[in-house]
file protein08.cif (mmCIF, C-alpha atoms (C1' of nucleotides))
data_target
loop_
_atom_site.label_atom_id
_atom_site.label_comp_id
_atom_site.auth_asym_id
_atom_site.auth_seq_id
_atom_site.Cartn_x
_atom_site.Cartn_y
_atom_site.Cartn_z
CA MET J 1 0.00 0.00 0.00
CA LYS J 2 1.35 3.40 -1.01
CA ILE J 3 0.81 6.63 0.90
CA ALA J 4 2.00 9.81 -0.85
CA THR J 5 2.24 13.49 0.00
CA TRP J 6 2.51 16.31 -2.52
CA ASN J 7 2.37 20.07 -2.27
CA VAL J 8 0.88 20.78 -5.71
CA ASN J 9 1.05 24.61 -5.51
CA SER J 10 -2.47 25.13 -6.97
CA VAL J 11 -4.53 22.06 -7.82
CA LYS J 12 -6.02 23.88 -10.80
CA ALA J 13 -2.62 24.74 -12.30
CA ARG J 14 -1.45 21.17 -11.58
CA LYS J 15 -4.62 19.29 -12.56
CA ASP J 16 -3.24 17.56 -15.66
CA ARG J 17 -0.03 16.60 -13.89
CA LEU J 18 -1.93 15.36 -10.86
CA LEU J 19 -4.28 13.15 -12.89
CA ALA J 20 -1.40 11.73 -14.94
CA TRP J 21 0.59 11.08 -11.78
CA LEU J 22 -2.32 9.28 -10.10
CA ALA J 23 -2.80 7.09 -13.19
CA THR J 24 0.91 6.20 -13.28
CA HIS J 25 1.54 5.51 -9.59
CA GLU J 26 -1.92 4.51 -8.31
CA PRO J 27 -1.17 5.27 -4.65
CA GLU J 28 -3.94 4.18 -2.29
CA ILE J 29 -3.74 7.43 -0.32
CA VAL J 30 -2.50 10.87 -1.42
CA CYS J 31 -2.24 13.89 0.85
CA LEU J 32 -2.25 17.18 -1.05
CA GLN J 33 -1.29 20.67 0.11
CA GLU J 34 -1.57 24.20 -1.28
CA LEU J 35 -4.71 23.60 -3.30
CA LYS J 36 -5.17 27.40 -3.55
CA THR J 37 -8.83 26.91 -4.34
CA THR J 38 -12.24 26.53 -2.77
CA ASP J 39 -14.02 23.21 -2.26
CA GLU J 40 -16.40 24.19 -5.08
CA ALA J 41 -13.59 24.75 -7.61
CA PHE J 42 -11.68 21.56 -6.74
CA PRO J 43 -11.64 19.23 -9.81
CA ARG J 44 -13.67 16.62 -7.96
CA GLN J 45 -15.27 14.93 -10.95
CA GLU J 46 -11.98 14.29 -12.73
CA VAL J 47 -10.31 13.01 -9.57
CA GLU J 48 -13.27 10.71 -8.89
CA ALA J 49 -13.21 9.50 -12.49
CA SER J 50 -9.59 8.48 -11.80
CA GLY J 51 -10.85 6.21 -9.03
CA TYR J 52 -10.32 8.43 -6.01
CA GLU J 53 -12.56 9.77 -3.30
CA ALA J 54 -11.59 13.38 -2.54
CA ILE J 55 -11.74 14.75 0.99
CA VAL J 56 -11.20 18.46 0.43
CA PHE J 57 -10.63 21.32 2.87
CA GLY J 58 -10.19 24.20 0.45
CA GLN J 59 -9.57 27.92 0.71
CA LYS J 60 -9.66 30.69 -1.84
CA THR J 61 -6.20 31.83 -3.11
CA TYR J 62 -4.09 30.38 -0.29
CA ASN J 63 -3.53 27.10 1.54
CA GLY J 64 -6.06 24.30 1.16
CA VAL J 65 -5.41 20.60 1.87
CA ALA J 66 -6.96 17.33 0.74
CA ILE J 67 -6.80 13.57 1.08
CA LEU J 68 -7.43 11.40 -1.96
CA THR J 69 -8.02 7.70 -1.49
CA ARG J 70 -8.93 4.57 -3.41
CA MET J 71 -10.04 2.94 -0.12
CA GLY J 72 -12.95 3.76 2.15
CA SER J 73 -12.74 6.65 4.59
CA SER J 74 -14.51 7.57 7.80
CA GLU J 75 -14.25 10.03 10.69
CA VAL J 76 -13.25 13.01 8.55
CA LYS J 77 -12.11 16.07 10.53
CA TYR J 78 -11.59 19.50 8.98
CA GLY J 79 -9.22 21.92 10.66
CA MET J 80 -7.59 21.99 14.06
CA ASN J 81 -10.80 22.43 16.07
CA ASP J 82 -9.06 24.10 18.98
CA GLU J 83 -9.74 27.35 20.82
CA HIS J 84 -7.78 29.51 18.35
CA GLU J 85 -9.45 31.78 15.82
CA ASP J 86 -8.10 30.54 12.49
CA ASP J 87 -9.53 30.73 8.98
CA GLU J 88 -6.55 29.08 7.26
CA ALA J 89 -7.24 25.63 5.77
CA ARG J 90 -4.08 23.74 6.75
CA ILE J 91 -5.09 20.37 8.20
CA VAL J 92 -7.58 17.67 7.29
CA SER J 93 -7.75 14.16 8.65
CA ALA J 94 -9.59 10.89 8.07
CA ARG J 95 -9.51 7.22 9.07
CA ILE J 96 -8.46 5.07 6.12
CA ALA J 97 -7.36 1.40 6.28
CA ASN J 98 -7.52 1.70 10.08
CA ILE J 99 -4.91 4.48 9.93
CA ARG J 100 -5.55 8.03 11.11
CA ILE J 101 -4.29 10.00 8.09
CA LEU J 102 -3.43 13.71 8.43
CA SER J 103 -2.72 16.01 5.50
CA VAL J 104 -0.90 19.03 6.89
CA TYR J 105 0.39 22.30 5.46
CA VAL J 106 2.52 24.02 8.10
CA PRO J 107 2.84 27.81 7.68
CA ASN J 108 6.03 28.81 5.86
CA GLY J 109 6.81 31.62 8.28
CA LYS J 110 8.21 34.07 5.69
CA ALA J 111 11.08 35.47 7.82
CA THR J 112 12.20 34.81 11.37
CA ASP J 113 11.49 38.44 12.38
CA SER J 114 7.94 38.43 10.98
CA ASP J 115 4.50 37.90 12.52
CA LYS J 116 4.12 34.94 10.17
CA PHE J 117 6.99 33.19 11.94
CA ILE J 118 5.26 33.65 15.31
CA TYR J 119 2.18 32.10 13.71
CA LYS J 120 4.27 29.20 12.36
CA LEU J 121 5.68 28.36 15.78
CA GLN J 122 2.27 28.70 17.40
CA TRP J 123 0.72 26.51 14.69
CA LEU J 124 3.34 23.81 15.32
CA ARG J 125 2.52 23.88 19.05
CA ARG J 126 -1.16 23.55 18.16
CA LEU J 127 -0.32 20.57 15.92
CA GLN J 128 1.47 18.90 18.82
CA ALA J 129 -1.59 19.52 21.03
CA TYR J 130 -3.85 18.17 18.27
CA LEU J 131 -1.93 14.88 18.24
CA GLN J 132 -2.09 14.61 22.02
CA ARG J 133 -5.82 15.32 21.97
CA GLU J 134 -6.94 13.27 18.98
CA VAL J 135 -4.68 10.19 18.76
CA THR J 136 -2.07 8.14 20.62
CA PRO J 137 1.41 6.92 19.59
CA GLU J 138 0.18 3.35 20.10
CA GLU J 139 -2.31 3.50 17.22
CA PRO J 140 -1.57 3.70 13.48
CA VAL J 141 -1.16 7.38 12.60
CA CYS J 142 0.36 8.84 9.44
CA LEU J 143 1.08 12.57 9.40
CA CYS J 144 1.87 13.66 5.85
CA GLY J 145 2.56 17.04 4.39
CA ASP J 146 4.61 20.11 3.72
CA LEU J 147 5.97 20.77 7.20
CA ASN J 148 8.19 23.63 5.99
CA ILE J 149 10.99 22.19 8.13
CA ALA J 150 14.27 20.62 6.98
CA PRO J 151 14.99 18.36 9.98
CA ASP J 152 18.81 18.54 9.84
CA GLU J 153 21.82 19.35 7.66
CA ARG J 154 21.46 16.16 5.64
CA ASP J 155 18.21 17.64 4.32
CA VAL J 156 19.74 20.84 2.93
CA ALA J 157 21.94 21.00 -0.17
CA ARG J 158 23.61 24.20 1.01
CA PRO J 159 23.38 24.29 4.81
CA GLU J 160 25.40 27.47 5.18
CA GLU J 161 23.11 29.37 2.78
CA TRP J 162 19.92 28.19 4.52
CA LYS J 163 20.88 27.95 8.20
CA ASP J 164 19.09 31.17 9.19
CA SER J 165 16.00 30.54 7.08
CA VAL J 166 12.52 29.80 8.45
CA LEU J 167 12.92 26.24 7.16
CA CYS J 168 16.03 25.49 9.24
CA VAL J 169 16.36 27.66 12.35
CA PRO J 170 16.52 25.88 15.73
CA PRO J 171 12.95 26.62 16.91
CA VAL J 172 11.38 24.88 13.90
CA ARG J 173 13.80 21.96 14.09
CA GLU J 174 12.95 21.64 17.78
CA ALA J 175 9.26 21.53 16.85
CA PHE J 176 10.00 18.72 14.40
CA ALA J 177 11.98 16.89 17.08
CA GLU J 178 8.96 17.20 19.39
CA LEU J 179 6.77 15.47 16.83
CA ILE J 180 9.34 12.67 16.68
CA GLY J 181 9.55 12.66 20.47
CA TRP J 182 5.78 12.24 20.72
CA GLY J 183 6.06 8.99 18.81
CA LEU J 184 6.34 9.62 15.08
CA VAL J 185 9.03 8.12 12.83
CA ASP J 186 10.38 9.98 9.80
CA VAL J 187 10.01 7.03 7.43
CA PHE J 188 12.11 8.61 4.69
CA ARG J 189 15.05 9.06 7.07
CA GLN J 190 14.52 5.51 8.31
CA HIS J 191 15.47 4.29 4.82
CA HIS J 192 17.86 7.10 3.75
CA ALA J 193 20.25 7.90 6.57
CA GLU J 194 22.74 9.34 4.08
CA GLY J 195 20.77 12.51 3.24
CA GLY J 196 21.21 14.53 0.06
CA LYS J 197 17.63 13.95 -1.14
CA TYR J 198 15.27 16.90 -1.41
CA SER J 199 11.56 17.52 -1.94
CA TRP J 200 11.45 21.26 -2.68
CA TRP J 201 13.46 23.60 -4.89
CA ASP J 202 12.72 27.33 -5.17
CA TYR J 203 11.41 28.41 -8.57
CA ARG J 204 13.77 31.39 -8.28
CA MET J 205 17.51 31.50 -8.87
CA LEU J 206 17.59 28.20 -10.79
CA GLY J 207 16.91 26.27 -7.62
CA PHE J 208 16.22 22.97 -9.36
CA PRO J 209 18.89 23.09 -12.09
CA LYS J 210 21.44 23.83 -9.36
CA ASN J 211 19.86 21.23 -7.05
CA ASN J 212 19.66 23.86 -4.32
CA GLY J 213 17.00 21.83 -2.54
CA LEU J 214 15.64 21.03 0.88
CA ARG J 215 13.66 18.10 2.26
CA ILE J 216 10.64 19.75 3.84
CA ASP J 217 7.83 17.36 2.79
CA HIS J 218 7.45 14.44 5.14
CA VAL J 219 5.69 11.18 5.90
CA LEU J 220 5.70 10.58 9.65
CA ALA J 221 4.25 7.37 11.07
CA THR J 222 3.73 5.90 14.52
CA ARG J 223 5.89 2.92 15.40
CA ALA J 224 3.75 -0.04 14.32
CA LEU J 225 3.05 1.60 10.97
CA ALA J 226 6.67 2.71 10.48
CA GLU J 227 7.79 -0.89 11.02
CA ALA J 228 5.55 -1.86 8.09
CA CYS J 229 7.21 0.71 5.80
CA SER J 230 9.37 -1.10 3.24
CA HIS J 231 10.67 1.89 1.28
CA VAL J 232 10.23 5.60 0.60
CA ALA J 233 11.06 7.60 -2.51
CA ILE J 234 10.95 11.23 -3.57
CA ASP J 235 9.63 11.48 -7.12
CA ARG J 236 12.19 13.97 -8.38
CA ASN J 237 11.07 13.44 -11.98
CA GLU J 238 7.81 15.20 -11.16
CA ARG J 239 9.78 18.43 -10.56
CA LYS J 240 11.04 18.30 -14.18
CA GLY J 241 9.40 19.39 -17.42
CA LYS J 242 6.74 21.99 -18.09
CA LYS J 243 4.76 23.61 -15.29
CA PRO J 244 5.94 21.54 -12.35
CA SER J 245 5.03 22.27 -8.74
CA ASP J 246 8.02 23.56 -6.80
CA HIS J 247 7.60 20.43 -4.62
CA ALA J 248 8.11 16.79 -5.61
CA PRO J 249 5.81 14.03 -4.30
CA VAL J 250 7.06 11.74 -1.53
CA VAL J 251 5.80 8.14 -1.74
CA ALA J 252 5.99 5.64 1.14
CA THR J 253 5.21 1.93 0.64
CA PHE J 254 3.77 -0.11 3.50
CA ASP J 255 3.08 -3.81 4.03
CA TRP J 256 -0.25 -3.06 5.62
CA ASN J 257 -3.59 -4.81 5.52
CA GLY J 258 -5.54 -2.32 7.60
"C1'" DA Y 1 23.67 33.36 -21.38
"C1'" DT Y 2 26.91 37.08 -17.63
"C1'" DG Y 3 20.44 36.53 -16.07
"C1'" DG Y 4 17.40 33.42 -14.34
"C1'" DT Y 5 9.89 32.18 -10.64
"C1'" DT Y 6 5.16 30.96 -10.21
"C1'" DG Y 7 0.22 31.39 -9.02
"C1'" DC Y 8 -3.67 34.04 -7.85
"C1'" DT Y 9 -5.66 38.11 -8.85
"C1'" DT Y 10 -5.25 42.05 -11.30
"C1'" DA Y 11 -0.42 45.32 -8.44
"C1'" DG Y 12 0.70 43.01 -4.88
"C1'" DC Y 13 1.24 39.19 -1.92
"C1'" DA Y 14 2.83 34.61 -0.78
"C1'" DA Y 15 6.03 31.06 -1.21
#
call {"tool": "encode", "arguments": {"input": "protein08.cif", "output": "structure tokens"}}
result
Amino acid sequence: MKIATWNVNSVKARKDRLLAWLATHEPEIVCLQELKTTDEAFPRQEVEASGYEAIVFGQKTYNGVAILTRMGSSEVKYGMNDEHEDDEARIVSARIANIRILSVYVPNGKATDSDKFIYKLQWLRRLQAYLQREVTPEEPVCLCGDLNIAPDERDVARPEEWKDSVLCVPPVREAFAELIGWGLVDVFRQHHAEGGKYSWWDYRMLGFPKNNGLRIDHVLATRALAEACSHVAIDRNERKGKKPSDHAPVVATFDWNG
DNA sequence: ATGGTTGCTTAGCAA
């Protein structure tokens, strides 16, 4: 069983690529981020015609997350549902194959001296609280998404250039470590200790041609599920060619019967 | 070749 995550950077701009990718790879579960569209404008019919149910938490212009699945889903939850006022669509969750699946788009944070960075750190604390409230490390949980965090130097092509960025600074890496500490395993790292593999390259400054990348898109699984993970790959080819997203999909394969 | 983004929305913001 394959579980994928992909920040598509506008599902409308990426529709043809998304449908072709689904047809080629046929993952059972796909978590999408940065839909940049409302529920109404999501290409639901075409996705369903490809064999997928679409669980969509959209937003006009910015953000928006979804879960696509070829299996049955239940217990769908939209948003964080905590005490904070928040109109940003950044998390959606469902039970699929007896796994609690979360599709997450962590705020980028813009710059470390900005209000958006405060919001990023607060949002990561809220995510930690969400896990503690909604699930346990003893059950099968798979948190997928654009976390906008490169966990360590192995995940950054040019560590010196990026060390002060919102993707790398200590507070965000500590937040990532807290997710791991709660009971999640970075299944990509589990199979690729060597590093040097990236999931995002800036459109600007020839980021991809120069391979100036970072690994900021993640599949995190609780222990029992992580033990069933046989391999993980970043589909770097999807970043090539005409009109790619700036993110590549990450695909994790599990020996899992649900 | 001596620079070099994309998407949404419509000039500016976000990433």
call {"tool": "closest_residue", "arguments": {"input": "protein08.cif", "among": "J:Ala175, J:Asp113, J:His84, J:Lys60", "to": "DT9 (chain Y)", "atoms": "only C-alpha atoms (C1' of nucleotides)"}}
result
J:Lys60
call {"tool": "atom_distance", "arguments": {"input": "protein08.cif", "atom1": "CA of Val65 (chain J)", "atom2": "CA of Thr38 (chain J)"}}
result
10.2 Å
call {"tool": "residues_near_point", "arguments": {"input": "protein08.cif", "point": "(-2.4, 23.1, -9.3)", "cutoff": "12 Å", "atoms": "all atoms listed in the file", "output": "JSON, numbers by chain"}}
result
{"J": [6, 7, 8, 9, 10, 11, 12, 13, 14, 15, 16, 17, 18, 19, 32, 33, 34, 35, 36, 37, 41, 42, 43, 61, 62, 63, 64, 65, 243, 244, 245, 246, 247], "Y": [6, 7, 8]}
call {"tool": "resolve_selection", "arguments": {"input": "protein08.cif", "expression": "the PyMOL selection byres ((chain Y and resi 4) around 9)", "output": "short mmCIF file (atom, residue, chain, number, x, y, z; two decimals) with C-alpha atoms (C1' of nucleotides), keeping the file's coordinate frame"}}
result
data_model
loop_
_atom_site.label_atom_id
_atom_site.label_comp_id
_atom_site.auth_asym_id
_atom_site.auth_seq_id
_atom_site.Cartn_x
_atom_site.Cartn_y
_atom_site.Cartn_z
CA ARG J 204 13.77 31.39 -8.28
CA MET J 205 17.51 31.50 -8.87
CA LEU J 206 17.59 28.20 -10.79
"C1'" DG Y 3 20.44 36.53 -16.07
"C1'" DT Y 5 9.89 32.18 -10.64
#
call {"tool": "closest_residue", "arguments": {"input": "protein08.cif", "among": "J:Val251, J:Ala23, J:Ile118, J:Val166", "to": "chain Y", "atoms": "all atoms listed in the file"}}
result
J:Val166
call {"tool": "residues_near_point", "arguments": {"input": "protein08.cif", "point": "(-4.7, 14.2, 4.8)", "cutoff": "8 Å", "atoms": "all atoms listed in the file", "output": "PyMOL selection string"}}
result
chain J and resi 30-32+65-68+91-94+101-104+143-145
call {"tool": "resolve_selection", "arguments": {"input": "protein08.cif", "expression": "the PyMOL selection byres ((chain Y and resi 15) around 9)", "output": "mmCIF file with C-alpha atoms (C1' of nucleotides), in the coordinates of the input"}}
result
data_model
loop_
_atom_site.group_PDB
_atom_site.id
_atom_site.type_symbol
_atom_site.label_atom_id
_atom_site.label_comp_id
_atom_site.auth_asym_id
_atom_site.auth_seq_id
_atom_site.Cartn_x
_atom_site.Cartn_y
_atom_site.Cartn_z
ATOM 1 C CA ASN J 108 6.030 28.810 5.860
ATOM 2 C CA LYS J 110 8.210 34.070 5.690
ATOM 3 C CA ASP J 202 12.720 27.330 -5.170
ATOM 4 C "C1'" DA Y 14 2.830 34.610 -0.780
#
call {"tool": "atom_distance", "arguments": {"input": "protein08.cif", "atom1": "CA of Tyr203 (chain J)", "atom2": "CA of Val172 (chain J)"}}
result
22.7 Å
call {"tool": "axis_aligned_box", "arguments": {"input": "protein08.cif", "around": "chain Y", "padding_each_side": "5 Å", "output": "lines of an AutoDock Vina configuration file"}}
result
center_x = 10.6
center_y = 38.1
center_z = -11.1
size_x = 42.6
size_y = 24.4
size_z = 30.6
call {"tool": "atom_distance", "arguments": {"input": "protein08.cif", "atom1": "CA of Leu225 (chain J)", "atom2": "CA of Phe176 (chain J)"}}
result
18.8 Å
call {"tool": "closest_residue", "arguments": {"input": "protein08.cif", "among": "J:Ile149, J:Pro107, J:Ser199, J:Gly241", "to": "chain Y", "atoms": "all atoms listed in the file"}}
result
J:Pro107
call {"tool": "residues_around", "arguments": {"input": "protein08.cif", "residues": "Arg158 (chain J)", "least_positions_apart": "6", "cutoff": "12 Å", "atoms": "only C-alpha atoms (C1' of nucleotides)", "output": "PyMOL selection string"}}
result
chain J and resi 150+152+164-165+168+196+198+201+207+210-215
call {"tool": "write_last_selection", "arguments": {"input": "protein08.cif", "atoms": "C-alpha atoms", "output": "PDB file, in the frame of the given file"}}
result
ATOM      1  CA  ALA J 150      14.270  20.620   6.980  1.00  0.00           C
ATOM      2  CA  ASP J 152      18.810  18.540   9.840  1.00  0.00           C
ATOM      3  CA  ASP J 164      19.090  31.170   9.190  1.00  0.00           C
ATOM      4  CA  SER J 165      16.000  30.540   7.080  1.00  0.00           C
ATOM      5  CA  CYS J 168      16.030  25.490   9.240  1.00  0.00           C
ATOM      6  CA  GLY J 196      21.210  14.530   0.060  1.00  0.00           C
ATOM      7  CA  TYR J 198      15.270  16.900  -1.410  1.00  0.00           C
ATOM      8  CA  TRP J 201      13.460  23.600  -4.890  1.00  0.00           C
ATOM      9  CA  GLY J 207      16.910  26.270  -7.620  1.00  0.00           C
ATOM     10  CA  LYS J 210      21.440  23.830  -9.360  1.00  0.00           C
ATOM     11  CA  ASN J 211      19.860  21.230  -7.050  1.00  0.00           C
ATOM     12  CA  ASN J 212      19.660  23.860  -4.320  1.00  0.00           C
ATOM     13  CA  GLY J 213      17.000  21.830  -2.540  1.00  0.00           C
ATOM     14  CA  LEU J 214      15.640  21.030   0.880  1.00  0.00           C
ATOM     15  CA  ARG J 215      13.660  18.100   2.260  1.00  0.00           C
TER      16      ARG J 215
END
call {"tool": "closest_residue", "arguments": {"input": "protein08.cif", "among": "J:Gln132, J:Gln122, J:Ser230, J:Asn148", "to": "chain Y", "atoms": "all atoms listed in the file"}}
result
J:Asn148
call {"tool": "resolve_selection", "arguments": {"input": "protein08.cif", "expression": "the PyMOL selection byres ((chain J and resi 189-194) around 8)", "output": "number ranges by chain"}}
result
J: 154, 185-188, 195-196, 231-232
call {"tool": "residues_around", "arguments": {"input": "protein08.cif", "residues": "Glu85 (chain J)", "least_positions_apart": "5", "cutoff": "12 Å", "atoms": "only C-alpha atoms (C1' of nucleotides)", "output": "MDAnalysis selection string"}}
result
chainID J and resid 79:80 119 123 126
call {"tool": "write_last_selection", "arguments": {"input": "protein08.cif", "atoms": "C-alpha atoms", "output": "tab-separated table (two decimals), in the coordinates of the input"}}
result
chain	number	residue	atom	x	y	z
J	79	GLY	CA	-9.22	21.92	10.66
J	80	MET	CA	-7.59	21.99	14.06
J	119	TYR	CA	2.18	32.10	13.71
J	123	TRP	CA	0.72	26.51	14.69
J	126	ARG	CA	-1.16	23.55	18.16
call {"tool": "closest_residue", "arguments": {"input": "protein08.cif", "among": "J:Asn98, J:Thr5, J:Gln45, J:Thr136", "to": "Ile216 (chain J)", "atoms": "all atoms listed in the file"}}
result
J:Thr5
call {"tool": "residues_around", "arguments": {"input": "protein08.cif", "residues": "Ser73 (chain J)", "least_positions_apart": "4", "cutoff": "8 Å", "atoms": "only C-alpha atoms (C1' of nucleotides)", "output": "PDB file with C-alpha atoms, in the frame of the given file"}}
result
ATOM      1  CA  THR J  69      -8.020   7.700  -1.490  1.00  0.00           C
ATOM      2  CA  ALA J  94      -9.590  10.890   8.070  1.00  0.00           C
ATOM      3  CA  ARG J  95      -9.510   7.220   9.070  1.00  0.00           C
ATOM      4  CA  ILE J  96      -8.460   5.070   6.120  1.00  0.00           C
ATOM      5  CA  ALA J  97      -7.360   1.400   6.280  1.00  0.00           C
TER       6      ALA J  97
END
